[in-house]
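K.L.:
Just passing along the structure, written as structure tokens.
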Amino acid sequence: MKTEASIALPVAAGAPSPQAERTPARKRWTRPVLYIVFGIMAIPFLFPTWWMITSSFKSVNEILRFPPSLIPMSPSMEAYVKAFTFQPFAQQYFNSMYIAVIVTLTTMLISSMAGYAFARIRFPGQNILFLVVLVGLLIPSEVTIVPLFQMFNSVGLVNTHWPLILVTSFGAPSVLATFIMRQFFISIPAELEEAARLDGLGRPGIWWKVAMPLAKPALSAVAIFTFLNVWNLYLEPTVYLSSPELFTLPQALTRFVDAYSGPMWNVQLAAATMTAVPVLIVFVVAQRQFVEGLAQTGLKG
Amino acid sequence: MSIVSKSRPAGADALAGRPGPASPGRRGLTLKRRDQIAGYLFIAPQVLGIVIFVLVPLALVVYYSFQEWNVLSGSIEFVGADNYTKLLNDPQIGQVLLATAIFSVGIVCTNIPLALLLASLLNRSGRGIAFFRTVFFSPVVVSLVAWTLVWGFLLQDNGGINGLLSVFGIHGPNWLQNGPTAMASVIVVQLFKNVGLNMVLFLAALQGVPRELYEAARVDGATGPVLFRRITLPLISPTVLLTVIITIVGSLQVFAQIAVLTQGGPGLSTNVLVYYLFQQAFDFHHFGYGSTLAIVLFVIVLVLTIVQWQLRKKWVFYEN
């Protein structure tokens with residue numbers, strides 16, 4: 001599944017070739033017209049993010065001004081300061097961060113182990129067990145949320161981070177990761193493993209020293225979509241967590257509401273900016289891996 | 001998903017099946033046996049995780065659908081098929097299922113054509129093209145709640161959308177405060193958030209269409225729309241089908257957008273199944289009825305998956 005590699009391929013059917021000695025007038029105009037069309041179509045994709053970032057530096061009055069200003073007239077960091085004092089936002093940021101990191105690392109580990117075993121090792125009952133795992137792809141997490149809540153409630157783990165960490169690391173969300181790792185490990189040549197075996201490596205050694213170093217592209221795909229999935233979880237934290245100091249970011253974002261005057265727009269937008277922009281920056285830097293990683297979630301068939 | 005039947009590489013069998021040349025193994029275990037044990041240990045965390053956090057809850061959700069919680073005494077009691085009778089007689093469920101259907105159909109009917117259009121237009125080279133691919137994909141990586149909050153503000157009566165409309169002399173409605181426009185708003189917010197992902201999938205599929213086919217057809221006198229209908233569409237049909245199903249299943253799971261933008265309102269107009277389930281189970285503590293609603297969701301997703309399998313056999317033009 002080398003999505004990006006193929007996306008990067010040049011020249012589609014119908015695109016004018018640069019060598020053509022005399023491009024017909026119609027074709028010469030294709031590109032500028034296309035860019036204008038794209039420019040207009042891009043507005044609903046870009047404007048919300050632009051508006052979120054710029055408005056976080058505005059005063060509430062300026063945000064509510066009609067028509068809205070595109071650039072803050074007197075930029076201020078006030079909303080950012082307030083985001084941290086109104087809620088335990090630093091704590092909430094840390095919560096989201098550490099949960100996402102732990103779940104991502106755990107998922108990478110268990111999915112690469114299971115994916116490797118399903119792809120390269122033969123053992124009785126393998127197909128049945130693989131089917132059992134794949135059931136996880138069929139069941140939306142919303143279906144099991146009620147019993148999971150009751151299960152964690154009965155062992156006193158509601159209003160802790162354990163349900164978020166355990167369910168996302170081991171349950172349904174990790175199945176896709178296992179599947180992707182399996183598809184990857186199937187493709188590595190058997191000779192490599194034979195050679196490692198002759199060198200005296202056992203299965204764990206072959207997995208860790210031979211297979212894993214080769215699996216970096218698949219692992220980065222798994223890491224990216226797992227991290228984004230956990231970073232954006234909303235239903236689960238809403239169900240399991242009730243203390244503000246335990247909240248994760250998406251949940252915290254909705255709580256910047258003043259009891260009397262409704263949402264504190266600039267504070268909320270400052271918090272939203274702090275939630276979204278770091279991920280956007282990483283995306284712009286590691287675009288290829290992002291697109292590849294997220295496209296994998298759609299190519300599971 | 002023809003996953004299970006997919007053959008494993010021939011070498012893996014030889015490697016795993018053959019006892020090592022002169023290595024009976026420590027403690028007298030054959031290589032094959034040790035390999036099997038390693039296999040079980042490797043998959044243990046994943047399989048146990050699925051059993052504990054997916055299969056057990058799935059069985060429990062069926063069990064719970066025959067129970068109801070007594071909120072006052074805090075006890076659980078068996079109520080037989082009461083929850084299912086309640087489901088059939090629930091005056092709200094019709095509207096909830098209708099809202100769910102409108103949302104899903106609305107998403108599919110806008111997302112797939114827009115994704116295909118963007119992919120077709122962007123299926124060429126150039127620096128500008130790469131830039132616009134990034135632009136159209138970027139909402140996918142923006143935090144969902146942040147994205148939704150921003151749109152929530154833009155859609156307010158005195159928000160940015162109506163501000164823009166007023167430039168053209170149009171007095172826009174209060175988008176989130178009346179049924180049809182609220183539903184349309186939720187669909188649009190979700191559309192722009194996710195269409196980039198489908199666009200990328202379609203781009204990959206379009207790149208897989210051999211160019212010779214277009215050239216041959218053009219020699220035969222075919223032009224743009226015909227090329228698209230007769231060559232492109234049949235050849236990318238597996239991706240289209242897969243994308244449609246993923247998009248429908250994804251839209252059935254919508255929760256955060258509803259919770260942030262409309263809380264299911266006004267009335268029940270945007271109260272989709274997952275949001276209704278959440279309300280019943282966690283706002284009203286009807287865990288039994290919530291479980292019954294979860295089963296409805298499960299059955300819908302299951303039916304869609306089976307339909308996908310069946311269609312894949314019949315409709316899809318080719319499969320690689």
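So you can find residues: chains in the structure tokens are A, B, ... in the order shown, residues in each start at 1, and ligands are numbered from 1 in order.
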Quick one: residues within 10 Å of range 152-158 of chain A, only C-alpha atoms counted, chain neighbours fewer than 3 positions away excluded, as a PDB file with N, CA and C atoms, in the first residue's frame?
P.N.:
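Now in selection.pdb:
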```
ATOM      1  N   PRO A 147     -21.359  -1.520  28.398  1.00  0.00           N
ATOM      2  CA  PRO A 147     -20.767  -2.571  29.238  1.00  0.00           C
ATOM      3  C   PRO A 147     -19.351  -2.238  29.707  1.00  0.00           C
ATOM      4  N   LEU A 148     -18.565  -1.583  28.853  1.00  0.00           N
ATOM      5  CA  LEU A 148     -17.210  -1.228  29.288  1.00  0.00           C
ATOM      6  C   LEU A 148     -17.273  -0.280  30.483  1.00  0.00           C
ATOM      7  N   PHE A 149     -18.185   0.670  30.409  1.00  0.00           N
ATOM      8  CA  PHE A 149     -18.340   1.592  31.540  1.00  0.00           C
ATOM      9  C   PHE A 149     -18.701   0.813  32.801  1.00  0.00           C
ATOM     10  N   HIS A 161      -7.683   7.404  34.325  1.00  0.00           N
ATOM     11  CA  HIS A 161      -7.296   7.307  32.926  1.00  0.00           C
ATOM     12  C   HIS A 161      -7.199   5.875  32.433  1.00  0.00           C
ATOM     13  N   TRP A 162      -7.349   4.918  33.354  1.00  0.00           N
ATOM     14  CA  TRP A 162      -7.160   3.511  32.961  1.00  0.00           C
ATOM     15  C   TRP A 162      -8.057   3.054  31.820  1.00  0.00           C
ATOM     16  N   PRO A 163      -9.374   3.365  31.858  1.00  0.00           N
ATOM     17  CA  PRO A 163     -10.206   2.885  30.745  1.00  0.00           C
ATOM     18  C   PRO A 163      -9.704   3.401  29.387  1.00  0.00           C
ATOM     19  N   LEU A 164      -9.311   4.672  29.336  1.00  0.00           N
ATOM     20  CA  LEU A 164      -8.837   5.228  28.070  1.00  0.00           C
ATOM     21  C   LEU A 164      -7.598   4.492  27.595  1.00  0.00           C
ATOM     22  N   VAL A 239     -17.471   9.943  28.713  1.00  0.00           N
ATOM     23  CA  VAL A 239     -18.166   8.902  29.474  1.00  0.00           C
ATOM     24  C   VAL A 239     -17.424   8.590  30.782  1.00  0.00           C
ATOM     25  N   TYR A 240     -16.096   8.475  30.712  1.00  0.00           N
ATOM     26  CA  TYR A 240     -15.361   7.957  31.857  1.00  0.00           C
ATOM     27  C   TYR A 240     -14.922   9.030  32.857  1.00  0.00           C
ATOM     28  N   LEU A 241     -14.683  10.249  32.403  1.00  0.00           N
ATOM     29  CA  LEU A 241     -14.034  11.235  33.275  1.00  0.00           C
ATOM     30  C   LEU A 241     -15.003  12.326  33.713  1.00  0.00           C
ATOM     31  N   SER A 242     -14.944  12.658  35.004  1.00  0.00           N
ATOM     32  CA  SER A 242     -15.806  13.740  35.468  1.00  0.00           C
ATOM     33  C   SER A 242     -15.050  14.837  36.207  1.00  0.00           C
TER      34      SER A 242
END
```
K.L.:
Which residues are near Trp265 in chain A? Cut-off 10 Å, only C-alpha atoms, ignore same chain within fewer than 2 positions. Put them as a list in words.
P.N.:
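Listing them by chain and then by number gives Met52, Ser55, Ser56, Lys58, Ser59, Val60, Asn61, Ile63, Leu64, Ala79, Phe256, Val257, Asp258, Gly262, Pro263, Val267, Gln268, Leu269, Ala270 and Ala271 of chain A; Leu149, Val150 and Phe153 of chain B.
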K.L.:
Between A:Ser76, A:Thr54, A:Gln296, A:Asn232, which has the minimum distance to chain B (counting only C-alpha atoms)?
P.N.:
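Result for the nearest residue to chain B: A:Asn232.
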K.L.:
Return the single residue from B:Gly288, B:Thr100, B:Gly267, B:Thr134 that is closest to Phe255 in chain B, with distances computed using only C-alpha atoms.
P.N.:
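Closest to Phe255 in chain B of all the choices is B:Thr100.
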K.L.:
Quick one: residues within 7 Å of range 199-205 of chain A, only C-alpha atoms counted, chain neighbours fewer than 4 positions away excluded, as number ranges by chain?
P.N.:
A: 195, 209; B: 35, 38
K.L.:
Got time to write the residues from that selection, C-alpha atoms, as a PDB file, in the first residue's frame?
P.N.:
```pdb
ATOM      1  CA  ALA A 195      19.947 -16.267   7.770  1.00  0.00           C
ATOM      2  CA  LYS A 209      16.519  -7.484  15.316  1.00  0.00           C
TER       3      LYS A 209
ATOM      4  CA  ASP B  35       8.082 -21.538  17.308  1.00  0.00           C
ATOM      5  CA  ALA B  38       6.517 -18.018  20.537  1.00  0.00           C
TER       6      ALA B  38
END
```
K.L.:
Point out the residue among B:Ile231, B:Asn198, B:Pro57, B:Val167 with the least atom-to-atom distance to Leu118 in chain B, counting only C-alpha atoms.
P.N.:
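That would be B:Asn198, the residue with the smallest distance to Leu118 in chain B.
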K.L.:
Quick one: everything within 9 Å of Ser104 in chain B, counting only C-alpha atoms, minus sequence neighbours fewer than 6 positions away in the same chain. Send it as a PyMOL selection string.
P.N.:
chain B and resi 187+247-252
